[in-house]
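To keep things clear, I will list the structure first and then write my remarks on it.
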Amino acid sequence: MSPQRLALRTLMLARPRSVLAVLLIAAGLCLLDLFAGSIAGVRARLEHQAVTGERLGHLTITRAQSMGAGVSAAFNAAISPPHGSAFKPAEAARITQLVEAMAGVALVVPQMSVEGIASTGQRSTLFRGEGIGISNVAAETRLPVHGRLKPDQPNGVALSSNHARTLGITPGSNLTLTGVSVDKPGAPLKAEVAEVAELVDVYSTAGFNGSARSLLMPFEPAQTLVAAEHTERLVVYLAEPQQLDAMRLTLRAAMFTAGLAVDVHTWQELSPTYIKGRGDADFNVAGVAGMVFAVIAAIVAATISMNALERRREVATLRVFGMRSSGVFLMYAAEALWMAAFAVVISAVASGLIAWVVNRVALSYTTRQALLRAPMLVELDFTRMAMAVVAAMAVALIASLAPALKAARADVAEGLAA
Amino acid sequence: MDAMGASGTTPGQDRPGQERPGQDRQGLARPSGELVRLSGVHKVYGRGLTGVHALTDISLQVACGEMVAVCGPSGHGKTSLLNLIGLIDTASEGSVVIAGVPTATLCGQARTGLRCDMIGHVFQAFSLVPALCALDNVLLPLLLRTRLAGAALAEARAFAGELLARVGLKTQTHHYPDRLDAGQRQRVTIARALVTSPRLVVADEATSRLDNGNIRLVMDLFAAQQREHGTTFVISTRDQRQLTRATSTLQLNEGRLCSTAADTARRAIRVQG
């Protein structure tokens with residue numbers, strides 16, 4: 001009879017201590033699965049916020065230029081390139097034509113930065129805005145998007161809630177925008193507020209990122225405002241976002257073949273909100289995982305130690321009848337692994353069930369910076385779950401080593417007398 | 001009731017891989033003569049002033065096919081002596097020779113091998129494995145020794161079941177230890193000790209929890225094993241009925257063999273052809 005089989009049969013006796021240990025390990029793994037699932041939901045919203053909310057798209061094409069190291073340098077170079085490094089109208093049109101012809105591309109949108117003063121006549125404020133090609137990207141998503149522009153209102157702008165409050169305006173109100181251009185004096189533009197932007201998601205760039213734009217407006221009026229014809233960047237939305245890296249390479253190659261010197265950035269590189277959020281999320285998951293695995297190690301070590309102490313006579317009997325000390329060691333190590341394996345199965349079922357219930361009851365939560373409550377969604381991350389299973393098994397095995405070794409070295413005669 | 005006559009066979013008969021009476025596992029004639037020899041054996045638990053002298057200067061010989069009873073008050077070294085003879089423990093001083101093999105120089109693995117091949121154990125505290133049913137507990141020495149499968153496993157299971165039937169547990173073969181009373185557990189341990197058809201059975205208070213009927217049943221089984229397989233028994237007991245069946249008696253008092261008992265032992269311990 002193999003030690004592993006004997007360990008399984010011992011565990012199947014369902015002694016209260018072993019059952020409790022299995023349930024506690026399962027609870028720990030379940031907590032980790034749900035937390036990681038919740039974080040996966042947060043990541044998905046961060047992606048949505050960056051791609052759709054911040055209007056970064058999946059890929060951003062800029063004129064090739066030397067950039068400093070770091071995310072902020074890449075962001076500044078891509079979002080606010082120096083004047084003269086933007087695309088001329090003919091270049092922008094050619095790139096747009098080339099990219100739109102590529103398979104897997106859903107949409108190509110021109111963008112440019114605008115800065116200036118917004119005034120209602122009674123009140124004024126500085127703004128830092130974005131001129132964007134009006135698309136249906138925002139309309140197609142069911143997730144909240146701040147600052148929707150309306151195609152039937154070419155002079156309509158969206159404003160951040162802070163600026164709307166400062167200016168004391170509501171949707172339907174008029175305001176005057178004055179652009180600032182390095183090349184020539186700004187040209188006043190009469191504009192109508194299409195919508196007062198409001199923060200509708202806790203991960204809104206407006207809530208987290210100081211570089212977030214406070215005004216959104218259609219692309220052509222933005223060009224008029226800064227008296228320019230250039231296009232700073234072209235934002236590409238992909239039909240299959242998971243093909244991001246492959247499409248980036250394809251796009252680069254196509255541009256190179258066409259003799260166009262451009263840089264292609266992913267939204268992950270350009271969104272400080274995502275980068276910070278991802279770092280925080282990874283840190284939190286690592287922290288919870290560390291605690292869970294420490295608890296699992298303590299539970300396994302305590303359970304195996306107590307079992308070894310209580311079953312000294314049983315082990316001595318096995319030794320008398322021919323089980324080697326290595327067999328005893330294997331038996332206890334296998335018992336720890338079986339415990340972890342049972343816990344894994346229970347936690348997987350429990351996690352799936354709890355995630356289903358949580359998603360179904362539509363729980364929501366709010367944070368200090370959020371204007372609206374955010375839905376609490378648990379998207380079980382199966383990769384992380386698999387990693388947690390492997391880690392739990394490894395932790396259980398390692399935690400059982402010391403008590404198993406002690407049990408294997410125990411004196412047979414003393415064990416029989418216990 | 002003669003338990004051996006119930007089925008017409010005796011444990012170990014007509015089983016592949018098991019020896020016949022008077023033969024070892026290779027089918028060769030079992031060596032007759034001396035099976036156990038202890039010379040100047042001391043057993044001390046602990047060290048220094050706190051050391052406990054469990055056995056002092058024990059010298060004895062046990063011949064093949066004998067049934068030796070070890071008597072004495074509780075705490076006077078019976079279990080220690082049986083542990084030494086059963087190769088469960090090692091002597092602090094002196095030599096223990098089993099079947100001509102000096103055990104003091106054996107490594108742990110060789111001791112285990114010798115113990116498993118030659119000796120069956122009945123423990124006072126039963127020491128059944130809770131995760132195994134009565135049948136599997138009886139099979140345990142075989143399962144731990146060799147990897148049994150197929151027909152061999154089926155045969156072994158049949159033999160274990162037969163042994164359980166011989167100790168009166170035919171209907172409890174699939175009961176787990178927690179479903180058996182003390183007497184039934186003790187009988188399972190007796191069946192377990194015999195399943196390998198050992199040359200030597202070391203039994204510590206083997207019948208202490210049995211009623212009169214079952215004591216007779218077990219003693220008959222031991223006698224049949226002794227008669228038909230030449231098995232040697234070393235039994236610690238306080239039961240006078242077992243003493244009458246013993247071929248010799250060792251009296252232990254405060255870890256020493258009493259002179260009269262030792263003389264009796266020396267007289268009684270002769271080579272049994």
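We label chains A, B, ... in the order they appear in the structure tokens, count residues from 1 in each chain, and number ligands from 1 in the order shown.
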Would you kindly report the residues of chain B within 9 Å of chain A, using only C-alpha atoms, as a list in words? Ser80, Asn83, Leu87, Ile88, Asp89, Gln109, Thr112, Gly113, Arg115, Cys116, Gly120, His121, Phe123, Ala125, Ser127, Leu128, Val129, Pro130, Ala131, Leu132, Leu140, Pro141, Leu142, Leu143, Leu144, Arg145, Thr146, Arg147 and Leu148 of chain B
Shell of 12 Å around Ser351 (chain A), only C-alpha atoms, local chain residues under 6 positions omitted, as a list in words: Ala26, Ala27, Gly28, Leu29, Cys30, Leu31, Leu32, Asp33, Leu34, Phe35, Ala36, Gly37, Ser38, Ala343, Val344, Val345, Val357, Val358, Asn359, Val378, Glu379, Leu380, Asp381, Phe382 and Met385 of chain A
Mind dumping the selected residues with N, CA and C atoms as an mmCIF file, in the first residue's frame?
data_model
loop_
_atom_site.group_PDB
_atom_site.id
_atom_site.type_symbol
_atom_site.label_atom_id
_atom_site.label_comp_id
_atom_site.auth_asym_id
_atom_site.auth_seq_id
_atom_site.Cartn_x
_atom_site.Cartn_y
_atom_site.Cartn_z
ATOM 1 N N ALA A 26 -9.524 26.283 1.841
ATOM 2 C CA ALA A 26 -10.460 26.598 0.755
ATOM 3 C C ALA A 26 -10.962 28.034 0.889
ATOM 4 N N ALA A 27 -11.244 28.446 2.125
ATOM 5 C CA ALA A 27 -11.728 29.820 2.341
ATOM 6 C C ALA A 27 -10.660 30.826 1.922
ATOM 7 N N GLY A 28 -9.417 30.539 2.263
ATOM 8 C CA GLY A 28 -8.326 31.442 1.882
ATOM 9 C C GLY A 28 -8.187 31.542 0.372
ATOM 10 N N LEU A 29 -8.223 30.390 -0.284
ATOM 11 C CA LEU A 29 -8.096 30.394 -1.749
ATOM 12 C C LEU A 29 -9.293 31.080 -2.400
ATOM 13 N N CYS A 30 -10.453 30.849 -1.819
ATOM 14 C CA CYS A 30 -11.676 31.472 -2.346
ATOM 15 C C CYS A 30 -11.563 32.998 -2.243
ATOM 16 N N LEU A 31 -11.099 33.458 -1.093
ATOM 17 C CA LEU A 31 -10.905 34.900 -0.892
ATOM 18 C C LEU A 31 -9.944 35.450 -1.943
ATOM 19 N N LEU A 32 -8.872 34.718 -2.160
ATOM 20 C CA LEU A 32 -7.869 35.175 -3.134
ATOM 21 C C LEU A 32 -8.454 35.189 -4.546
ATOM 22 N N ASP A 33 -9.187 34.124 -4.898
ATOM 23 C CA ASP A 33 -9.806 34.049 -6.233
ATOM 24 C C ASP A 33 -10.753 35.221 -6.454
ATOM 25 N N LEU A 34 -11.588 35.485 -5.434
ATOM 26 C CA LEU A 34 -12.583 36.556 -5.584
ATOM 27 C C LEU A 34 -11.910 37.917 -5.640
ATOM 28 N N PHE A 35 -10.884 38.098 -4.807
ATOM 29 C CA PHE A 35 -10.190 39.388 -4.818
ATOM 30 C C PHE A 35 -9.507 39.606 -6.167
ATOM 31 N N ALA A 36 -8.822 38.551 -6.633
ATOM 32 C CA ALA A 36 -8.162 38.664 -7.942
ATOM 33 C C ALA A 36 -9.203 38.878 -9.035
ATOM 34 N N GLY A 37 -10.369 38.226 -8.893
ATOM 35 C CA GLY A 37 -11.448 38.408 -9.867
ATOM 36 C C GLY A 37 -11.969 39.829 -9.847
ATOM 37 N N SER A 38 -12.076 40.374 -8.639
ATOM 38 C CA SER A 38 -12.527 41.760 -8.506
ATOM 39 C C SER A 38 -11.513 42.711 -9.141
ATOM 40 N N ALA A 343 -9.045 21.276 -0.915
ATOM 41 C CA ALA A 343 -9.359 22.693 -0.699
ATOM 42 C C ALA A 343 -9.464 23.440 -2.025
ATOM 43 N N VAL A 344 -8.604 23.079 -2.961
ATOM 44 C CA VAL A 344 -8.621 23.721 -4.286
ATOM 45 C C VAL A 344 -9.968 23.463 -4.972
ATOM 46 N N VAL A 345 -10.407 22.227 -4.917
ATOM 47 C CA VAL A 345 -11.681 21.884 -5.571
ATOM 48 C C VAL A 345 -12.836 22.655 -4.906
ATOM 49 N N VAL A 357 -23.161 34.973 -7.809
ATOM 50 C CA VAL A 357 -24.131 35.681 -6.959
ATOM 51 C C VAL A 357 -23.814 37.176 -6.907
ATOM 52 N N VAL A 358 -22.525 37.494 -6.701
ATOM 53 C CA VAL A 358 -22.130 38.912 -6.604
ATOM 54 C C VAL A 358 -22.465 39.651 -7.898
ATOM 55 N N ASN A 359 -22.157 39.046 -9.030
ATOM 56 C CA ASN A 359 -22.434 39.693 -10.311
ATOM 57 C C ASN A 359 -23.932 39.820 -10.551
ATOM 58 N N VAL A 378 -17.083 40.674 -10.415
ATOM 59 C CA VAL A 378 -16.003 39.705 -10.193
ATOM 60 C C VAL A 378 -15.822 38.915 -11.484
ATOM 61 N N GLU A 379 -14.731 39.166 -12.156
ATOM 62 C CA GLU A 379 -14.404 38.415 -13.370
ATOM 63 C C GLU A 379 -13.295 37.445 -13.015
ATOM 64 N N LEU A 380 -13.660 36.188 -12.738
ATOM 65 C CA LEU A 380 -12.672 35.209 -12.271
ATOM 66 C C LEU A 380 -11.513 35.115 -13.256
ATOM 67 N N ASP A 381 -10.338 35.289 -12.729
ATOM 68 C CA ASP A 381 -9.132 35.272 -13.548
ATOM 69 C C ASP A 381 -8.547 33.858 -13.472
ATOM 70 N N PHE A 382 -8.806 33.082 -14.513
ATOM 71 C CA PHE A 382 -8.446 31.664 -14.445
ATOM 72 C C PHE A 382 -6.936 31.443 -14.453
ATOM 73 N N MET A 385 -5.998 32.018 -10.966
ATOM 74 C CA MET A 385 -6.511 30.907 -10.154
ATOM 75 C C MET A 385 -5.601 29.683 -10.290
#
So, counting only C-alpha atoms, which residue among A:Trp356, A:Ala394, A:Glu229, A:Ala158 is closest to Ala294 (chain A)?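 Looking only at the distances to Ala294 (chain A), the closest residue turns out to be A:Ala394.
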Write out as a PyMOL selection string each polymer residue whose atoms come within 12 Å of Ser59 (chain B), counting only C-alpha atoms; drop sequence neighbours fewer than 3 positions from it. chain B and resi 36-42+55-56+62+81+85+93-97+250+252+255-259+262-263+265-266
Would you write out those residues with N, CA and C atoms, as an mmCIF file, in the first residue's frame?
data_model
loop_
_atom_site.group_PDB
_atom_site.id
_atom_site.type_symbol
_atom_site.label_atom_id
_atom_site.label_comp_id
_atom_site.auth_asym_id
_atom_site.auth_seq_id
_atom_site.Cartn_x
_atom_site.Cartn_y
_atom_site.Cartn_z
ATOM 1 N N VAL B 36 16.146 -17.752 18.761
ATOM 2 C CA VAL B 36 16.424 -16.487 19.452
ATOM 3 C C VAL B 36 17.487 -16.735 20.519
ATOM 4 N N ARG B 37 18.467 -15.853 20.547
ATOM 5 C CA ARG B 37 19.462 -15.927 21.632
ATOM 6 C C ARG B 37 19.760 -14.518 22.133
ATOM 7 N N LEU B 38 19.579 -14.340 23.418
ATOM 8 C CA LEU B 38 19.939 -13.075 24.058
ATOM 9 C C LEU B 38 21.073 -13.358 25.025
ATOM 10 N N SER B 39 22.128 -12.548 24.937
ATOM 11 C CA SER B 39 23.282 -12.765 25.814
ATOM 12 C C SER B 39 23.650 -11.469 26.524
ATOM 13 N N GLY B 40 23.539 -11.484 27.819
ATOM 14 C CA GLY B 40 23.947 -10.326 28.628
ATOM 15 C C GLY B 40 23.274 -9.039 28.227
ATOM 16 N N VAL B 41 21.991 -9.119 27.951
ATOM 17 C CA VAL B 41 21.280 -7.951 27.420
ATOM 18 C C VAL B 41 20.842 -7.008 28.544
ATOM 19 N N HIS B 42 21.141 -5.766 28.348
ATOM 20 C CA HIS B 42 20.663 -4.709 29.242
ATOM 21 C C HIS B 42 19.846 -3.740 28.395
ATOM 22 N N LEU B 55 15.759 -3.717 31.690
ATOM 23 C CA LEU B 55 16.218 -5.115 31.663
ATOM 24 C C LEU B 55 17.678 -5.155 32.117
ATOM 25 N N THR B 56 17.996 -6.166 32.911
ATOM 26 C CA THR B 56 19.361 -6.268 33.423
ATOM 27 C C THR B 56 19.884 -7.692 33.212
ATOM 28 N N VAL B 62 15.749 -19.323 22.754
ATOM 29 C CA VAL B 62 14.438 -19.877 22.409
ATOM 30 C C VAL B 62 14.606 -20.733 21.168
ATOM 31 N N LEU B 81 11.419 -6.600 26.842
ATOM 32 C CA LEU B 81 12.030 -7.841 26.366
ATOM 33 C C LEU B 81 11.430 -8.258 25.018
ATOM 34 N N ILE B 85 13.251 -8.782 21.339
ATOM 35 C CA ILE B 85 13.150 -10.026 20.564
ATOM 36 C C ILE B 85 12.466 -9.768 19.217
ATOM 37 N N GLU B 93 22.990 -2.893 25.816
ATOM 38 C CA GLU B 93 24.213 -3.677 25.994
ATOM 39 C C GLU B 93 23.855 -5.143 25.752
ATOM 40 N N GLY B 94 24.810 -5.922 25.298
ATOM 41 C CA GLY B 94 24.549 -7.331 25.062
ATOM 42 C C GLY B 94 24.164 -7.589 23.623
ATOM 43 N N SER B 95 23.938 -8.845 23.317
ATOM 44 C CA SER B 95 23.636 -9.179 21.929
ATOM 45 C C SER B 95 22.292 -9.895 21.801
ATOM 46 N N VAL B 96 21.626 -9.575 20.700
ATOM 47 C CA VAL B 96 20.366 -10.233 20.358
ATOM 48 C C VAL B 96 20.579 -10.898 19.002
ATOM 49 N N VAL B 97 20.452 -12.206 18.976
ATOM 50 C CA VAL B 97 20.673 -12.943 17.729
ATOM 51 C C VAL B 97 19.357 -13.615 17.340
ATOM 52 N N LEU B 250 9.174 -17.755 31.271
ATOM 53 C CA LEU B 250 10.224 -16.865 31.773
ATOM 54 C C LEU B 250 9.585 -15.923 32.777
ATOM 55 N N LEU B 252 9.935 -12.609 34.873
ATOM 56 C CA LEU B 252 10.710 -11.369 34.992
ATOM 57 C C LEU B 252 10.334 -10.654 36.279
ATOM 58 N N GLY B 255 13.087 -6.414 35.915
ATOM 59 C CA GLY B 255 14.005 -6.429 34.777
ATOM 60 C C GLY B 255 14.993 -7.571 34.776
ATOM 61 N N ARG B 256 14.893 -8.465 35.714
ATOM 62 C CA ARG B 256 15.819 -9.607 35.762
ATOM 63 C C ARG B 256 15.029 -10.898 35.639
ATOM 64 N N LEU B 257 15.657 -11.871 35.010
ATOM 65 C CA LEU B 257 15.040 -13.191 34.967
ATOM 66 C C LEU B 257 15.209 -13.839 36.338
ATOM 67 N N CYS B 258 14.102 -14.231 36.946
ATOM 68 C CA CYS B 258 14.205 -14.893 38.238
ATOM 69 C C CYS B 258 14.923 -16.225 38.044
ATOM 70 N N SER B 259 15.684 -16.588 38.996
ATOM 71 C CA SER B 259 16.535 -17.764 38.841
ATOM 72 C C SER B 259 15.730 -19.028 38.568
ATOM 73 N N ALA B 262 14.257 -18.800 35.216
ATOM 74 C CA ALA B 262 15.306 -18.925 34.198
ATOM 75 C C ALA B 262 15.756 -20.367 34.075
ATOM 76 N N ASP B 263 15.898 -21.007 35.227
ATOM 77 C CA ASP B 263 16.287 -22.417 35.174
ATOM 78 C C ASP B 263 15.244 -23.234 34.431
ATOM 79 N N ALA B 265 13.274 -22.106 32.227
ATOM 80 C CA ALA B 265 13.386 -21.765 30.807
ATOM 81 C C ALA B 265 14.512 -22.536 30.153
ATOM 82 N N ARG B 266 15.643 -22.541 30.834
ATOM 83 C CA ARG B 266 16.789 -23.230 30.233
ATOM 84 C C ARG B 266 16.510 -24.721 30.061
#
From CA of Ala91 (chain B) to CA of Leu106 (chain B) the spacing works out at 12.5 Å
If we count only C-alpha atoms and set the cut-off at 9 Å, which residues sit around Ala246 (chain B), ignoring sequence neighbours fewer than 3 positions away in its own chain? Please answer as a ChimeraX atom specification. /B:66-69,233,235,242-243,249
Now that the selection is made, can you save its residues with N, CA and C atoms as a PDB file, in the first residue's frame?
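Contents of again.pdb, freshly written:
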ATOM      1  N   GLU B  66       8.892 -23.387  19.689  1.00  0.00           N
ATOM      2  CA  GLU B  66       8.493 -23.291  21.092  1.00  0.00           C
ATOM      3  C   GLU B  66       7.382 -22.286  21.293  1.00  0.00           C
ATOM      4  N   MET B  67       6.723 -22.395  22.421  1.00  0.00           N
ATOM      5  CA  MET B  67       5.831 -21.340  22.868  1.00  0.00           C
ATOM      6  C   MET B  67       6.298 -20.923  24.258  1.00  0.00           C
ATOM      7  N   VAL B  68       6.924 -19.766  24.298  1.00  0.00           N
ATOM      8  CA  VAL B  68       7.513 -19.284  25.541  1.00  0.00           C
ATOM      9  C   VAL B  68       6.609 -18.215  26.141  1.00  0.00           C
ATOM     10  N   ALA B  69       6.265 -18.378  27.383  1.00  0.00           N
ATOM     11  CA  ALA B  69       5.455 -17.372  28.074  1.00  0.00           C
ATOM     12  C   ALA B  69       6.372 -16.522  28.941  1.00  0.00           C
ATOM     13  N   PHE B 233       6.498 -18.980  19.325  1.00  0.00           N
ATOM     14  CA  PHE B 233       5.743 -17.899  19.965  1.00  0.00           C
ATOM     15  C   PHE B 233       6.455 -17.439  21.225  1.00  0.00           C
ATOM     16  N   ILE B 235       5.265 -15.023  24.185  1.00  0.00           N
ATOM     17  CA  ILE B 235       4.031 -14.343  24.599  1.00  0.00           C
ATOM     18  C   ILE B 235       4.191 -13.813  26.013  1.00  0.00           C
ATOM     19  N   GLN B 242      -2.847 -19.587  29.601  1.00  0.00           N
ATOM     20  CA  GLN B 242      -1.805 -19.570  28.568  1.00  0.00           C
ATOM     21  C   GLN B 242      -0.525 -20.208  29.080  1.00  0.00           C
ATOM     22  N   LEU B 243      -0.277 -20.027  30.362  1.00  0.00           N
ATOM     23  CA  LEU B 243       0.936 -20.614  30.932  1.00  0.00           C
ATOM     24  C   LEU B 243       0.915 -22.132  30.811  1.00  0.00           C
ATOM     25  N   THR B 249       8.417 -21.093  30.492  1.00  0.00           N
ATOM     26  CA  THR B 249       7.972 -19.838  31.088  1.00  0.00           C
ATOM     27  C   THR B 249       9.187 -19.054  31.576  1.00  0.00           C
TER      28      THR B 249
END
Compile the contact shell of Gln65 (chain A) as a ChimeraX atom specification: residues with an atom at most 9 Å away, counting only C-alpha atoms, same-chain residues fewer than 4 positions apart removed. /A:77,85,261-263
Written selection (N, CA and C atoms) as a compact mmCIF listing (two decimals), in the first residue's frame:
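Resulting contents of again.txt:
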# COMPACT_ATOMS: atom_id res chain seq x y z
N ALA A 77 5.10 63.26 -25.29
CA ALA A 77 5.48 63.31 -26.70
C ALA A 77 4.34 62.89 -27.61
N SER A 85 6.06 68.85 -35.23
CA SER A 85 6.19 67.40 -35.31
C SER A 85 4.85 66.74 -35.58
N ALA A 261 7.75 57.78 -41.38
CA ALA A 261 8.46 57.65 -40.11
C ALA A 261 7.50 57.98 -38.97
N VAL A 262 6.98 56.97 -38.37
CA VAL A 262 6.00 57.19 -37.28
C VAL A 262 6.35 56.32 -36.08
N ASP A 263 5.83 56.72 -34.95
CA ASP A 263 5.88 55.88 -33.75
C ASP A 263 4.47 55.35 -33.50
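The spacing separating CA of Arg45 (chain A) from CA of Gly104 (chain A) amounts to 22.4 Å.
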Which neighbours of Val235 (chain A) fall inside 10 Å, counting only C-alpha atoms, when residues of the same chain fewer than 5 positions from it are skipped, and could you give them as an MDAnalysis selection string? chainID A and resid 51 55:62 96 107:111 132:133 264:267
Hey, what does DSSP flag as helix (DSSP H, G or I) within region 195-288 of chain A? Can you give it to me as a PyMOL selection string? chain A and resi 205-208+219-225+241-257+267-270+272-288
Can those selected residues be exported to a file as a compact mmCIF listing (two decimals), in the first residue's frame so that it contains C-alpha atoms?
# COMPACT_ATOMS: atom_id res chain seq x y z
CA THR A 205 -9.04 60.12 -15.76
CA ALA A 206 -10.48 63.28 -14.33
CA GLY A 207 -10.50 61.66 -10.93
CA PHE A 208 -6.99 60.32 -10.97
CA PHE A 219 -11.67 68.02 -34.36
CA GLU A 220 -12.40 70.69 -36.99
CA PRO A 221 -13.44 73.45 -34.54
CA ALA A 222 -10.30 72.61 -32.56
CA GLN A 223 -8.17 73.23 -35.64
CA THR A 224 -9.99 76.49 -36.17
CA LEU A 225 -9.45 77.46 -32.53
CA PRO A 241 -8.20 44.42 -28.85
CA GLN A 242 -6.46 41.21 -27.76
CA GLN A 243 -4.45 41.45 -31.01
CA LEU A 244 -2.90 44.67 -29.74
CA ASP A 245 0.77 43.71 -29.89
CA ALA A 246 0.48 41.90 -33.21
CA MET A 247 -1.38 44.82 -34.76
CA ARG A 248 1.22 47.23 -33.45
CA LEU A 249 3.96 45.32 -35.24
CA THR A 250 1.89 45.03 -38.41
CA LEU A 251 1.12 48.72 -38.36
CA ARG A 252 4.74 49.69 -37.83
CA ALA A 253 5.81 47.46 -40.68
CA ALA A 254 3.16 48.91 -42.99
CA MET A 255 4.18 52.47 -42.17
CA PHE A 256 7.84 51.65 -42.68
CA THR A 257 7.08 50.06 -46.03
CA TRP A 267 -2.81 52.56 -24.76
CA GLN A 268 -1.02 50.73 -21.94
CA GLU A 269 2.05 52.87 -22.51
CA LEU A 270 0.17 56.12 -22.71
CA PRO A 272 -0.79 56.96 -16.55
CA THR A 273 -4.11 56.08 -14.91
CA TYR A 274 -3.86 52.51 -16.11
CA ILE A 275 -0.19 52.19 -15.21
CA LYS A 276 -0.79 53.46 -11.69
CA GLY A 277 -3.97 51.43 -11.29
CA ARG A 278 -2.31 48.28 -12.52
CA GLY A 279 0.60 48.78 -10.14
CA ASP A 280 -1.74 49.34 -7.20
CA ALA A 281 -3.84 46.33 -8.16
CA ASP A 282 -0.83 44.06 -8.51
CA PHE A 283 0.47 45.24 -5.16
CA ASN A 284 -2.88 44.59 -3.48
CA VAL A 285 -3.24 41.15 -5.02
CA ALA A 286 0.31 40.28 -4.00
CA GLY A 287 -0.41 41.45 -0.46
CA VAL A 288 -3.59 39.40 -0.15
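Distance-wise, CA of Leu135 (chain B) and CA of Gln172 (chain B) end up 8.5 Å apart.
DSSP secondary structure from the backbone places Leu200, Val201, Val202, Ala203 and Asp204 of chain B of region 193-223 of chain B in strand (DSSP E or B).
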